[in-house]
Structures are given as C-alpha cells and as structure tokens.
>>> print(open('model_13.tsv').read())   # TSV, C-alpha atoms
chain	number	residue	atom	x	y	z
A	2	MET	CA	-14.45	-31.68	-0.06
A	3	THR	CA	-17.46	-29.37	-0.39
A	4	ALA	CA	-17.18	-26.18	-2.40
A	5	SER	CA	-17.32	-23.93	0.62
A	6	ALA	CA	-14.77	-25.98	2.53
A	7	HIS	CA	-12.45	-25.61	-0.42
A	8	SER	CA	-13.14	-21.85	-0.48
A	9	ALA	CA	-12.36	-21.64	3.24
A	10	LEU	CA	-9.12	-23.49	2.60
A	11	LEU	CA	-8.17	-21.03	-0.15
A	12	VAL	CA	-8.93	-18.04	2.07
A	13	ALA	CA	-6.72	-19.56	4.78
A	14	VAL	CA	-3.94	-20.18	2.25
A	15	MET	CA	-4.09	-16.58	1.01
A	16	ALA	CA	-4.06	-15.25	4.57
A	17	VAL	CA	-1.14	-17.44	5.67
A	18	VAL	CA	1.01	-16.78	2.59
A	19	THR	CA	0.41	-13.02	2.84
A	20	MET	CA	1.33	-13.15	6.52
A	21	LEU	CA	4.46	-15.19	5.79
A	22	LEU	CA	5.62	-12.62	3.24
A	23	ARG	CA	5.15	-9.86	5.80
A	24	PHE	CA	6.88	-11.75	8.62
A	25	LEU	CA	9.67	-13.43	6.66
A	26	PRO	CA	12.29	-10.63	6.80
A	27	PHE	CA	11.67	-10.22	10.54
A	28	LEU	CA	12.08	-13.96	11.10
A	29	MET	CA	15.23	-14.12	8.97
A	30	PHE	CA	17.03	-11.27	10.72
A	31	LYS	CA	15.79	-11.81	14.23
A	32	LYS	CA	18.95	-11.09	16.17
A	33	LYS	CA	21.00	-8.56	14.33
A	34	THR	CA	20.29	-6.94	10.99
A	35	PRO	CA	23.18	-7.30	8.52
A	36	ALA	CA	24.57	-3.94	7.40
A	37	TYR	CA	23.43	-4.62	3.84
A	38	VAL	CA	19.81	-5.18	4.91
A	39	SER	CA	19.89	-2.06	7.11
A	40	TYR	CA	21.18	-0.15	4.10
A	41	LEU	CA	18.34	-1.48	1.94
A	42	GLY	CA	15.89	-0.58	4.68
A	43	ARG	CA	17.14	2.98	4.59
A	44	VAL	CA	17.13	3.54	0.83
A	45	LEU	CA	14.08	1.43	-0.09
A	46	PRO	CA	11.26	3.71	1.14
A	47	PRO	CA	11.54	6.43	-1.54
A	48	ALA	CA	12.11	3.74	-4.19
A	49	ILE	CA	9.06	1.76	-3.07
A	50	ILE	CA	6.84	4.83	-3.03
A	51	GLY	CA	8.01	5.55	-6.59
A	52	MET	CA	7.15	1.96	-7.48
A	53	LEU	CA	3.70	2.29	-5.90
A	54	VAL	CA	2.95	5.46	-7.88
A	55	VAL	CA	3.60	3.54	-11.11
A	56	TYR	CA	1.73	0.50	-9.77
A	57	CYS	CA	-1.40	2.62	-9.18
A	58	LEU	CA	-1.25	4.01	-12.69
A	59	LYS	CA	-0.45	0.73	-14.44
A	60	ASP	CA	-3.85	0.35	-16.09
A	61	VAL	CA	-4.11	3.89	-17.44
A	62	ARG	CA	-4.40	3.80	-21.23
A	63	VAL	CA	-2.27	6.54	-22.69
A	64	LEU	CA	-2.81	5.60	-26.34
A	65	SER	CA	-6.59	6.04	-26.49
A	66	PRO	CA	-8.76	9.03	-25.42
A	67	PRO	CA	-8.60	10.71	-22.96
A	68	PHE	CA	-4.91	9.64	-23.08
A	69	GLY	CA	-4.52	9.52	-19.31
A	70	ALA	CA	-5.30	13.24	-19.04
A	71	PRO	CA	-7.40	12.99	-15.83
A	72	GLU	CA	-4.66	11.01	-14.09
A	73	LEU	CA	-1.94	13.36	-15.31
A	74	ILE	CA	-3.79	16.51	-14.25
A	75	ALA	CA	-4.78	15.12	-10.85
A	76	CYS	CA	-1.27	13.76	-10.16
A	77	LEU	CA	0.31	17.09	-11.09
A	78	LEU	CA	-2.14	18.97	-8.89
A	79	THR	CA	-1.49	16.62	-5.96
A	80	GLY	CA	2.29	16.78	-6.41
A	81	LEU	CA	2.48	20.54	-6.86
A	82	LEU	CA	0.22	21.21	-3.88
A	83	GLN	CA	2.36	18.90	-1.77
A	84	ALA	CA	5.57	20.60	-2.89
A	85	TRP	CA	4.05	23.99	-2.11
A	86	ARG	CA	2.10	23.51	1.13
A	87	ARG	CA	3.56	20.21	2.48
A	88	ASN	CA	0.12	19.24	3.77
A	89	SER	CA	-0.65	15.66	2.68
A	90	LEU	CA	-4.32	15.72	3.59
A	91	LEU	CA	-4.89	18.88	1.54
A	92	SER	CA	-3.00	17.52	-1.47
A	93	ILE	CA	-4.81	14.18	-1.41
A	94	LEU	CA	-8.26	15.72	-0.99
A	95	ALA	CA	-7.72	18.28	-3.73
A	96	GLY	CA	-6.19	15.73	-6.12
A	97	THR	CA	-8.99	13.22	-5.54
A	98	ALA	CA	-11.76	15.83	-5.86
A	99	ALA	CA	-10.19	17.09	-9.09
A	100	TYR	CA	-9.96	13.55	-10.44
A	101	MET	CA	-13.58	12.76	-9.57
A	102	LEU	CA	-14.79	15.94	-11.26
A	103	LEU	CA	-12.68	15.22	-14.32
A	104	VAL	CA	-13.87	11.63	-14.84
A	105	GLN	CA	-17.47	12.34	-13.97
A	106	LEU	CA	-18.03	15.66	-15.72
A	107	VAL	CA	-15.27	16.43	-18.19
A	108	PHE	CA	-13.90	13.30	-19.83
B	25	MET	CA	-2.85	12.77	28.59
B	26	MET	CA	-0.10	11.30	26.42
B	27	ARG	CA	-2.40	8.41	25.54
B	28	ARG	CA	-5.16	10.67	24.28
B	29	LYS	CA	-2.68	12.75	22.38
B	30	THR	CA	-1.30	9.61	20.73
B	31	VAL	CA	-4.77	8.43	19.71
B	32	LYS	CA	-5.63	11.81	18.25
B	33	ALA	CA	-2.33	12.11	16.38
B	34	ALA	CA	-2.69	8.56	15.01
B	35	PHE	CA	-6.21	9.26	13.85
B	36	LEU	CA	-5.12	12.44	12.08
B	37	ARG	CA	-2.26	10.60	10.38
B	38	SER	CA	-4.68	7.88	9.19
B	39	VAL	CA	-7.30	10.26	7.74
B	40	PRO	CA	-5.78	10.36	4.23
B	41	VAL	CA	-6.32	6.61	3.97
B	42	MET	CA	-9.86	6.64	5.34
B	43	ALA	CA	-11.84	7.54	2.22
B	44	GLY	CA	-9.85	5.27	-0.04
B	45	TYR	CA	-10.06	2.26	2.27
B	46	VAL	CA	-13.75	2.63	2.98
B	47	VAL	CA	-14.52	2.92	-0.73
B	48	LEU	CA	-12.15	0.21	-1.93
B	49	GLY	CA	-13.32	-2.00	0.94
B	50	MET	CA	-16.90	-1.42	-0.21
B	51	GLY	CA	-15.87	-2.28	-3.74
B	52	PHE	CA	-14.47	-5.54	-2.43
B	53	GLY	CA	-17.60	-6.26	-0.35
B	54	ILE	CA	-19.81	-5.71	-3.41
B	55	LEU	CA	-17.57	-7.82	-5.65
B	56	ALA	CA	-17.53	-10.68	-3.14
B	57	HIS	CA	-21.28	-10.46	-2.65
B	58	ASP	CA	-21.97	-10.54	-6.38
B	59	ALA	CA	-19.69	-13.57	-6.71
B	60	GLY	CA	-21.79	-15.41	-4.13
B	61	TYR	CA	-19.56	-14.75	-1.11
B	62	GLY	CA	-21.63	-12.84	1.43
B	63	LEU	CA	-20.82	-10.98	4.62
B	64	PRO	CA	-19.02	-13.71	6.62
B	65	TRP	CA	-16.68	-14.43	3.72
B	66	ALA	CA	-15.93	-10.81	2.86
B	67	PHE	CA	-15.49	-9.92	6.52
B	68	ALA	CA	-13.13	-12.83	7.17
B	69	MET	CA	-11.05	-12.03	4.10
B	70	SER	CA	-10.67	-8.35	4.96
B	71	LEU	CA	-9.88	-9.15	8.57
B	72	LEU	CA	-7.41	-11.98	7.95
B	73	ILE	CA	-5.84	-11.42	4.53
B	74	TYR	CA	-5.97	-7.60	4.67
B	75	ALA	CA	-4.29	-7.00	1.33
B	76	GLY	CA	-6.49	-5.08	-1.08
B	77	SER	CA	-5.42	-6.18	-4.53
B	78	MET	CA	-4.92	-9.78	-3.35
B	79	GLN	CA	-8.49	-9.93	-2.11
B	80	TYR	CA	-9.84	-8.72	-5.45
B	81	VAL	CA	-7.75	-11.39	-7.18
B	82	GLY	CA	-8.72	-13.88	-4.47
B	83	ILE	CA	-12.42	-13.69	-5.36
B	84	GLY	CA	-11.43	-14.86	-8.83
B	85	LEU	CA	-9.54	-17.78	-7.29
B	86	LEU	CA	-12.55	-18.73	-5.17
B	87	THR	CA	-15.12	-18.59	-7.97
B	88	GLY	CA	-12.76	-20.42	-10.31
B	89	GLY	CA	-12.15	-23.17	-7.77
B	90	ALA	CA	-8.38	-22.70	-7.94
B	91	THR	CA	-6.03	-25.32	-6.56
B	92	VAL	CA	-4.12	-24.68	-3.34
B	93	LEU	CA	-0.85	-24.54	-5.27
B	94	SER	CA	-2.11	-21.88	-7.66
B	95	ALA	CA	-3.49	-19.88	-4.70
B	96	ILE	CA	-0.05	-20.00	-3.08
B	97	LEU	CA	1.75	-18.92	-6.26
B	98	THR	CA	-0.74	-16.16	-7.04
B	99	THR	CA	-0.48	-14.80	-3.51
B	100	ILE	CA	3.32	-14.77	-3.68
B	101	THR	CA	3.28	-12.97	-7.03
B	102	VAL	CA	0.72	-10.34	-6.04
B	103	ASN	CA	2.08	-9.76	-2.54
B	104	ALA	CA	5.83	-10.19	-2.90
B	105	ARG	CA	6.20	-6.43	-2.57
B	106	HIS	CA	5.37	-6.81	1.14
B	107	LEU	CA	8.84	-8.31	1.60
B	108	PHE	CA	10.15	-4.85	0.75
B	109	TYR	CA	8.01	-3.11	3.32
B	110	SER	CA	9.12	-5.47	6.05
B	111	ILE	CA	12.80	-5.18	5.11
B	112	SER	CA	12.64	-1.43	5.35
B	113	MET	CA	10.82	-1.56	8.70
B	114	ILE	CA	13.14	-4.14	10.31
B	115	ASP	CA	15.11	-1.71	12.43
B	116	ARG	CA	12.13	0.50	13.20
B	117	TYR	CA	9.84	-2.28	14.42
B	118	ARG	CA	12.59	-4.26	16.16
B	119	ASP	CA	11.80	-3.01	19.64
B	120	ALA	CA	8.06	-2.56	19.24
B	121	GLY	CA	7.42	-5.23	21.88
B	122	LYS	CA	3.79	-6.25	22.26
B	123	TYR	CA	2.79	-4.17	19.23
B	124	LYS	CA	5.28	-5.87	16.91
B	125	PRO	CA	3.24	-8.84	15.61
B	126	TYR	CA	0.26	-6.67	14.71
B	127	LEU	CA	2.44	-3.94	13.20
B	128	ILE	CA	3.97	-6.54	10.87
B	129	PHE	CA	0.65	-8.21	10.07
B	130	ALA	CA	-1.01	-4.90	9.18
B	131	LEU	CA	1.77	-3.48	7.01
B	132	THR	CA	-0.19	-2.69	3.83
B	133	ASP	CA	0.91	-0.39	0.99
B	134	GLU	CA	-0.96	2.54	2.49
B	135	THR	CA	0.05	1.98	6.11
B	136	TYR	CA	3.62	1.64	4.90
B	137	SER	CA	3.47	4.93	3.06
B	138	LEU	CA	2.12	6.69	6.19
B	139	LEU	CA	4.82	5.27	8.46
B	140	CYS	CA	7.91	4.70	6.31
B	141	ASP	CA	9.43	8.15	6.78
B	142	GLY	CA	9.80	7.31	10.47
B	143	LYS	CA	8.43	10.64	11.65
B	144	VAL	CA	6.29	10.42	14.76
B	145	PRO	CA	4.47	13.45	16.23
B	146	GLU	CA	6.10	14.98	19.27
B	147	GLY	CA	4.83	13.88	22.66
B	148	THR	CA	3.48	10.54	21.48
B	149	GLN	CA	4.68	7.03	22.24
B	150	PRO	CA	6.15	5.95	18.85
B	151	HIS	CA	5.16	2.27	18.80
B	152	ARG	CA	1.72	2.93	20.19
B	153	PHE	CA	1.29	5.65	17.58
B	154	ARG	CA	2.27	3.29	14.75
B	155	PHE	CA	0.07	0.56	16.18
B	156	LEU	CA	-2.95	2.87	16.25
B	157	VAL	CA	-2.38	4.17	12.70
B	158	SER	CA	-2.26	0.53	11.55
B	159	LEU	CA	-5.36	-0.34	13.54
B	160	PHE	CA	-7.38	2.63	12.25
B	161	ASN	CA	-6.51	1.70	8.66
B	162	HIS	CA	-7.48	-1.93	9.21
B	163	GLY	CA	-10.73	-0.69	10.74
B	164	TYR	CA	-11.56	1.46	7.69
B	165	TRP	CA	-10.90	-1.49	5.40
B	166	VAL	CA	-13.10	-3.90	7.35
B	167	LEU	CA	-15.81	-1.25	7.81
B	168	GLY	CA	-15.89	-0.56	4.08
B	169	THR	CA	-16.08	-4.28	3.34
B	170	VAL	CA	-19.03	-4.77	5.68
B	171	LEU	CA	-20.85	-1.75	4.24
B	172	GLY	CA	-20.26	-2.93	0.68
B	173	SER	CA	-21.43	-6.43	1.45
B	174	LEU	CA	-24.59	-5.23	3.18
B	175	LEU	CA	-25.59	-2.23	1.08
B	176	GLY	CA	-24.34	-3.41	-2.28
B	177	ALA	CA	-24.74	-0.94	-5.09
B	178	VAL	CA	-27.44	1.29	-3.60
B	179	LEU	CA	-25.28	4.36	-2.99
B	180	PRO	CA	-27.20	7.58	-3.71
B	181	PHE	CA	-24.27	9.38	-5.32
B	182	SER	CA	-21.51	8.54	-7.74
B	183	THR	CA	-18.19	7.65	-6.17
B	184	GLU	CA	-16.55	7.10	-9.53
B	185	GLY	CA	-12.93	8.12	-9.27
B	186	ILE	CA	-12.72	8.18	-5.48
B	187	ALA	CA	-10.24	5.29	-5.50
B	188	PHE	CA	-7.81	7.80	-6.96
B	189	SER	CA	-7.22	8.91	-3.36
B	190	MET	CA	-4.82	5.97	-3.02
B	191	THR	CA	-2.83	7.15	-6.04
B	192	ALA	CA	-2.87	10.69	-4.63
B	193	LEU	CA	-1.60	9.34	-1.30
B	194	PHE	CA	1.43	7.80	-2.98
B	195	VAL	CA	2.07	10.87	-5.14
B	196	ALA	CA	1.97	13.11	-2.06
B	197	SER	CA	4.29	10.72	-0.15
B	198	PHE	CA	6.66	10.68	-3.10
B	199	VAL	CA	6.87	14.47	-3.28
B	200	GLU	CA	7.18	14.76	0.50
B	201	GLN	CA	10.10	12.30	0.59
B	202	TRP	CA	11.67	14.10	-2.36
B	203	ARG	CA	11.49	17.45	-0.57
B	204	SER	CA	12.85	16.13	2.70
B	205	SER	CA	15.92	14.44	1.23
B	206	SER	CA	18.78	15.77	-0.85
B	207	GLU	CA	19.48	12.30	-2.27
B	208	HIS	CA	17.08	11.57	-5.10
B	209	LEU	CA	18.66	8.47	-6.62
B	210	PRO	CA	16.56	5.92	-4.67
B	211	ALA	CA	13.31	7.73	-5.56
B	212	LEU	CA	14.30	7.96	-9.22
B	213	THR	CA	15.36	4.30	-9.25
B	214	GLY	CA	11.93	3.25	-7.96
B	215	LEU	CA	9.95	5.48	-10.29
B	216	LEU	CA	11.88	5.03	-13.52
B	217	GLY	CA	12.87	1.40	-12.93
B	218	THR	CA	9.24	0.42	-12.37
B	219	LEU	CA	8.09	2.46	-15.35
B	220	GLY	CA	10.67	0.74	-17.54
B	221	CYS	CA	9.55	-2.69	-16.34
B	222	LEU	CA	5.89	-1.77	-16.92
B	223	LEU	CA	6.66	-0.84	-20.54
B	224	LEU	CA	8.78	-3.93	-21.01
B	225	PHE	CA	6.72	-6.61	-19.25
B	226	GLY	CA	3.17	-5.19	-19.34
B	227	PRO	CA	0.75	-4.43	-16.48
B	228	GLU	CA	0.31	-8.07	-15.39
B	229	ARG	CA	3.93	-9.08	-14.91
B	230	PHE	CA	6.06	-6.02	-14.23
B	231	LEU	CA	6.06	-5.88	-10.44
B	232	ILE	CA	8.50	-8.66	-9.60
B	233	PRO	CA	11.02	-7.68	-12.31
B	234	ALA	CA	10.72	-4.11	-11.00
B	235	MET	CA	11.48	-5.25	-7.44
B	236	LEU	CA	14.52	-7.19	-8.61
B	237	LEU	CA	15.75	-4.26	-10.68
B	238	ILE	CA	15.31	-1.79	-7.80
B	239	THR	CA	17.18	-4.10	-5.42
B	240	LEU	CA	19.97	-4.57	-7.95
B	241	VAL	CA	20.38	-0.87	-8.70
B	242	LEU	CA	20.28	0.14	-5.03
B	243	THR	CA	22.84	-2.57	-4.26
B	244	LEU	CA	25.15	-1.23	-6.96
B	245	LEU	CA	24.67	2.31	-5.62
B	246	ARG	CA	25.58	1.29	-2.09
B	247	GLY	CA	29.11	2.68	-2.23
B	248	ARG	CA	27.73	5.99	-3.37
B	249	LEU	CA	24.69	6.24	-1.10
B	250	SER	CA	25.97	4.68	2.09
B	251	PRO	CA	28.74	7.05	3.26
B	252	GLY	CA	26.75	10.13	2.21
B	253	GLU	CA	23.76	9.09	4.30
B	254	GLY	CA	25.77	8.97	7.50
B	255	ALA	CA	27.53	12.25	6.88
B	256	LYS	CA	24.42	14.25	6.11
B	257	LYS	CA	22.95	13.92	9.58
>>> encode(input="model_13.tsv", output="structure tokens")
Amino acid sequence: MTASAHSALLVAVMAVVTMLLRFLPFLMFKKKTPAYVSYLGRVLPPAIIGMLVVYCLKDVRVLSPPFGAPELIACLLTGLLQAWRRNSLLSILAGTAAYMLLVQLVF
Amino acid sequence: MMRRKTVKAAFLRSVPVMAGYVVLGMGFGILAHDAGYGLPWAFAMSLLIYAGSMQYVGIGLLTGGATVLSAILTTITVNARHLFYSISMIDRYRDAGKYKPYLIFALTDETYSLLCDGKVPEGTQPHRFRFLVSLFNHGYWVLGTVLGSLLGAVLPFSTEGIAFSMTALFVASFVEQWRSSSEHLPALTGLLGTLGCLLLFGPERFLIPAMLLITLVLTLLRGRLSPGEGAKK
C-alpha cells in the first residue's frame, strides 16, 4: 500500500470511530431510553462542563512561573462576569481579550 | 418569518464559538500543511472527523505511519467523552427527524456546551435551531482549516492566546448552569472528580478515569438527585 493510501485509510478509520462513538448511545437505546440513562442524561451536562473546564486547563503549569496566573485571572474574570451579567458572549470576549493581553504583554 | 428568525438566533448562539473554531481550525490547517498534508487532506479531516483534539493527534498518527489498530485505540481514548454528550442528548434529539443524523455527527465539545442546557429561543423551531447552530460551528471549523492550510503562518498580528476562548466558553457555561440550578452536586462532581483524576493520572491519561468516576458518583447519587429533580419543576 502506498503511503498516501495508508494515510487515507487512517483518516477514514478516525472518522468512522469518532462517528461510532457519537452514534453508539443512540443506536443502543433506539426505542425507549431506560430510566437510568435518562437520569444520566439529565445530570451529566453540568458534570461534563466541569470536566471540560479542567480538560482545557490540563496543560497549565502551576509549579513554574507564571504559575498559571494568566489562566486564573482570565477564568475568574469570565466566571464573575457571567455570574453578574449572564451574557455569555460578553464574558467570553472579555475573558479571552484579558488572556491575550496577559500572555502577550504582561507575562 | 420563523425561518429567518431561527437562522438569526442560531447564528447569534454560535458566535461565541466562531473565533475559537476559526483560530483552532487554522492552527490545524497549518500543522497539517507543515507535516506534508495539504489542503485536500486538512479539508477532508475537518469535514469528516470534525473533532479538534483528535485531528491534532491524528496528524501525528499519519506522519508516524501508525497501524490501523493503534489509530482505532487512540481515537477511542481521545474521543470517548463523546459517548457522554450523546447519552445526555438522547431524549432531546430523539424526535429530531431529518436533522437527527447530522445533529449526532456534529456533536463536538463546543456545540454540546451551547446546546446542552436545552434552552431554545422563543419563536424558533427547536430542531432546526439546533441543526443550524451545529452547522455554523462546523462551518467555522472547516473555514479556519482552509484558511490555515492556504495562508500558513503569514498572519499580520499575533493571535497568541486566542484559543483561550474555548476555555472561556466552558467557564461561562459552567457558571451559567450553576446559576440556573439549585442542585450543584453534578457540577461539583465533574469539576472536582476530573481535577482529582488529573492530579492522580497526569494530563495524558486522566480523561477516561474521570469519566468512569463521574458516572460512578452520579450513579451513587441517583437516589438523592432523582426525586428532587422532578419535584423542583
């Protein structure tokens, strides 16, 4: 097999496996969702978002300078703005702008 | 009129993802290009795989000439979290009809976080709204990829740090869900459980243990969380 045919095969494999993961729960519970799965579906969203917050910050080094300070400041700003104004776009824009300024100019 | 209103509302909902997807998509396009995989490759990957971190990892698999088996295992490890998204959308997407296959295909981290609270603007058709949010996001991702592949690293200004918009999106979603619910145990389980697993297993291997732990804890909390949920409405 040529190198690019093998690459094409790998791309197809990645696409199909990703798709399978996304479709699997829907295929498994096609007719009626068991009460347990419905329960998980209801309580998972806040837990997953919490998981994703940590996932995004997984590579931040807190033991060497700047000790994760830009991430901490920008996350606090985003979170506090959201708690105060409840406007996601505003919180995300302000948090991102603050982070960019911090990493480009301050730290 | 309702159609136009739905398109506009979906676009507005998708805006927080736009900058992040265009920039991260560009990052992917540049990475792929530098690894010897030009526009057709990058475009096909963003269109068909449409899973950001997997595509970054995938370039490594391609250049390293990975075996099919290791591509399968890597994809499962990196993308297993999508099982969670689908499980929590099962009831919501059940009756989405013609939109359903695409809604499931396009359920990325970011699209999930925009749609998981179930709120749909008034006067819009819910499934069409969700379909359009998903489609806009997919479009930003593919657009960014194409730009990155074509323009490479010739941007006139520094975008360092702009990828933080994805982190900010999740932080804002987290706070918003916290404010709109009086039950904080699921949110705390996700945040602290994942943090614990990160400290214990390290940044490469923590995600699957974290998913198992979250599922276990939420299962144990079922007696406590389940009756309360119904009564609060």
>>> atom_distance(input="model_13.tsv", atom1="atom CA of A:Thr34", atom2="atom CA of B:Ser110")
12.3 Å
>>> atom_distance(input="model_13.tsv", atom1="atom CA of A:Gln105", atom2="atom CA of B:Ala192")
17.4 Å
>>> closest_residue(input="model_13.tsv", among="B:His57, B:Ile128, B:Gln79, B:Ala90", to="A:Leu28", atoms="all atoms listed in the file")
B:Ile128
>>> residues_around(input="model_13.tsv", residues="B:Leu107", least_positions_apart="2", cutoff="6 Å", atoms="all atoms listed in the file", output="MDAnalysis selection string")
(chainID A and resid 22:23) or (chainID B and resid 104:105 109:110)
>>> residues_around(input="model_13.tsv", residues="stretch 64-76 of chain B", least_positions_apart="4", cutoff="7 Å", atoms="only C-alpha atoms", output="list in words")
Val12, Met15, Ala16 and Thr19 of chain A; Gly53, Ala56, Tyr80, Thr132, Trp165, Val166, Thr169 and Val170 of chain B
>>> interface_residues(input="model_13.tsv", of="chain B", to="chain A", cutoff="7 Å", atoms="only C-alpha atoms", output="PyMOL selection string")
chain B and resi 40+69+72-73+86+92+95-96+99-100+103-104+106-107+110-114+128-129+137+140+184-186+188-189+191-196+198-201+210-215+218-219+227
>>> decode(input="model_13.tsv", residues="stretch 185-217 of chain B", atoms="N, CA and C atoms", output="PDB file, in the first residue's frame")
ATOM      1  N   GLY B 185      -2.860  33.170  22.392  1.00  0.00           N
ATOM      2  CA  GLY B 185      -3.814  33.232  23.492  1.00  0.00           C
ATOM      3  C   GLY B 185      -5.269  33.213  23.063  1.00  0.00           C
ATOM      4  N   ILE B 186      -5.539  33.329  21.758  1.00  0.00           N
ATOM      5  CA  ILE B 186      -6.945  33.430  21.341  1.00  0.00           C
ATOM      6  C   ILE B 186      -7.674  32.100  21.542  1.00  0.00           C
ATOM      7  N   ALA B 187      -6.922  31.009  21.561  1.00  0.00           N
ATOM      8  CA  ALA B 187      -7.564  29.705  21.785  1.00  0.00           C
ATOM      9  C   ALA B 187      -8.173  29.612  23.177  1.00  0.00           C
ATOM     10  N   PHE B 188      -7.809  30.564  24.035  1.00  0.00           N
ATOM     11  CA  PHE B 188      -8.415  30.591  25.367  1.00  0.00           C
ATOM     12  C   PHE B 188      -9.931  30.798  25.284  1.00  0.00           C
ATOM     13  N   SER B 189     -10.421  31.280  24.150  1.00  0.00           N
ATOM     14  CA  SER B 189     -11.869  31.499  24.027  1.00  0.00           C
ATOM     15  C   SER B 189     -12.654  30.211  24.245  1.00  0.00           C
ATOM     16  N   MET B 190     -12.034  29.052  23.932  1.00  0.00           N
ATOM     17  CA  MET B 190     -12.722  27.785  24.186  1.00  0.00           C
ATOM     18  C   MET B 190     -12.828  27.528  25.692  1.00  0.00           C
ATOM     19  N   THR B 191     -11.712  27.784  26.406  1.00  0.00           N
ATOM     20  CA  THR B 191     -11.749  27.646  27.862  1.00  0.00           C
ATOM     21  C   THR B 191     -12.803  28.582  28.448  1.00  0.00           C
ATOM     22  N   ALA B 192     -12.799  29.832  27.966  1.00  0.00           N
ATOM     23  CA  ALA B 192     -13.752  30.825  28.467  1.00  0.00           C
ATOM     24  C   ALA B 192     -15.187  30.379  28.199  1.00  0.00           C
ATOM     25  N   LEU B 193     -15.401  29.753  27.039  1.00  0.00           N
ATOM     26  CA  LEU B 193     -16.742  29.249  26.711  1.00  0.00           C
ATOM     27  C   LEU B 193     -17.215  28.237  27.758  1.00  0.00           C
ATOM     28  N   PHE B 194     -16.319  27.324  28.138  1.00  0.00           N
ATOM     29  CA  PHE B 194     -16.711  26.306  29.116  1.00  0.00           C
ATOM     30  C   PHE B 194     -16.875  26.912  30.511  1.00  0.00           C
ATOM     31  N   VAL B 195     -16.015  27.875  30.849  1.00  0.00           N
ATOM     32  CA  VAL B 195     -16.150  28.526  32.163  1.00  0.00           C
ATOM     33  C   VAL B 195     -17.494  29.256  32.237  1.00  0.00           C
ATOM     34  N   ALA B 196     -17.830  29.984  31.174  1.00  0.00           N
ATOM     35  CA  ALA B 196     -19.105  30.713  31.158  1.00  0.00           C
ATOM     36  C   ALA B 196     -20.288  29.739  31.226  1.00  0.00           C
ATOM     37  N   SER B 197     -20.206  28.622  30.487  1.00  0.00           N
ATOM     38  CA  SER B 197     -21.287  27.623  30.533  1.00  0.00           C
ATOM     39  C   SER B 197     -21.419  27.049  31.936  1.00  0.00           C
ATOM     40  N   PHE B 198     -20.264  26.810  32.566  1.00  0.00           N
ATOM     41  CA  PHE B 198     -20.271  26.235  33.902  1.00  0.00           C
ATOM     42  C   PHE B 198     -20.983  27.169  34.880  1.00  0.00           C
ATOM     43  N   VAL B 199     -20.615  28.441  34.846  1.00  0.00           N
ATOM     44  CA  VAL B 199     -21.224  29.418  35.758  1.00  0.00           C
ATOM     45  C   VAL B 199     -22.713  29.567  35.460  1.00  0.00           C
ATOM     46  N   GLU B 200     -23.059  29.592  34.160  1.00  0.00           N
ATOM     47  CA  GLU B 200     -24.455  29.758  33.776  1.00  0.00           C
ATOM     48  C   GLU B 200     -25.301  28.584  34.292  1.00  0.00           C
ATOM     49  N   GLN B 201     -24.777  27.353  34.145  1.00  0.00           N
ATOM     50  CA  GLN B 201     -25.521  26.192  34.639  1.00  0.00           C
ATOM     51  C   GLN B 201     -25.613  26.218  36.164  1.00  0.00           C
ATOM     52  N   TRP B 202     -24.552  26.699  36.789  1.00  0.00           N
ATOM     53  CA  TRP B 202     -24.529  26.793  38.250  1.00  0.00           C
ATOM     54  C   TRP B 202     -25.615  27.741  38.733  1.00  0.00           C
ATOM     55  N   ARG B 203     -25.729  28.900  38.060  1.00  0.00           N
ATOM     56  CA  ARG B 203     -26.703  29.907  38.456  1.00  0.00           C
ATOM     57  C   ARG B 203     -28.135  29.463  38.198  1.00  0.00           C
ATOM     58  N   SER B 204     -28.325  28.627  37.167  1.00  0.00           N
ATOM     59  CA  SER B 204     -29.706  28.301  36.805  1.00  0.00           C
ATOM     60  C   SER B 204     -30.181  27.015  37.466  1.00  0.00           C
ATOM     61  N   SER B 205     -29.375  26.431  38.350  1.00  0.00           N
ATOM     62  CA  SER B 205     -29.817  25.230  39.044  1.00  0.00           C
ATOM     63  C   SER B 205     -29.521  25.363  40.526  1.00  0.00           C
ATOM     64  N   SER B 206     -30.384  24.779  41.365  1.00  0.00           N
ATOM     65  CA  SER B 206     -30.117  24.846  42.794  1.00  0.00           C
ATOM     66  C   SER B 206     -29.385  23.587  43.248  1.00  0.00           C
ATOM     67  N   GLU B 207     -29.197  22.638  42.325  1.00  0.00           N
ATOM     68  CA  GLU B 207     -28.500  21.398  42.657  1.00  0.00           C
ATOM     69  C   GLU B 207     -27.086  21.448  42.094  1.00  0.00           C
ATOM     70  N   HIS B 208     -26.102  21.572  42.955  1.00  0.00           N
ATOM     71  CA  HIS B 208     -24.740  21.760  42.468  1.00  0.00           C
ATOM     72  C   HIS B 208     -23.881  20.504  42.522  1.00  0.00           C
ATOM     73  N   LEU B 209     -24.440  19.403  43.026  1.00  0.00           N
ATOM     74  CA  LEU B 209     -23.623  18.196  43.150  1.00  0.00           C
ATOM     75  C   LEU B 209     -23.078  17.670  41.809  1.00  0.00           C
ATOM     76  N   PRO B 210     -23.898  17.620  40.733  1.00  0.00           N
ATOM     77  CA  PRO B 210     -23.331  17.142  39.472  1.00  0.00           C
ATOM     78  C   PRO B 210     -22.169  18.022  38.978  1.00  0.00           C
ATOM     79  N   ALA B 211     -22.337  19.342  39.067  1.00  0.00           N
ATOM     80  CA  ALA B 211     -21.282  20.245  38.609  1.00  0.00           C
ATOM     81  C   ALA B 211     -20.005  20.042  39.427  1.00  0.00           C
ATOM     82  N   LEU B 212     -20.165  19.922  40.738  1.00  0.00           N
ATOM     83  CA  LEU B 212     -19.003  19.728  41.604  1.00  0.00           C
ATOM     84  C   LEU B 212     -18.337  18.377  41.340  1.00  0.00           C
ATOM     85  N   THR B 213     -19.176  17.350  41.103  1.00  0.00           N
ATOM     86  CA  THR B 213     -18.635  16.029  40.780  1.00  0.00           C
ATOM     87  C   THR B 213     -17.737  16.103  39.544  1.00  0.00           C
ATOM     88  N   GLY B 214     -18.240  16.776  38.497  1.00  0.00           N
ATOM     89  CA  GLY B 214     -17.470  16.879  37.256  1.00  0.00           C
ATOM     90  C   GLY B 214     -16.178  17.641  37.457  1.00  0.00           C
ATOM     91  N   LEU B 215     -16.268  18.779  38.132  1.00  0.00           N
ATOM     92  CA  LEU B 215     -15.098  19.646  38.299  1.00  0.00           C
ATOM     93  C   LEU B 215     -14.054  18.995  39.200  1.00  0.00           C
ATOM     94  N   LEU B 216     -14.473  18.602  40.389  1.00  0.00           N
ATOM     95  CA  LEU B 216     -13.512  18.094  41.375  1.00  0.00           C
ATOM     96  C   LEU B 216     -13.045  16.672  41.038  1.00  0.00           C
ATOM     97  N   GLY B 217     -13.978  15.844  40.523  1.00  0.00           N
ATOM     98  CA  GLY B 217     -13.596  14.489  40.136  1.00  0.00           C
ATOM     99  C   GLY B 217     -12.533  14.518  39.047  1.00  0.00           C
TER     100      GLY B 217
END
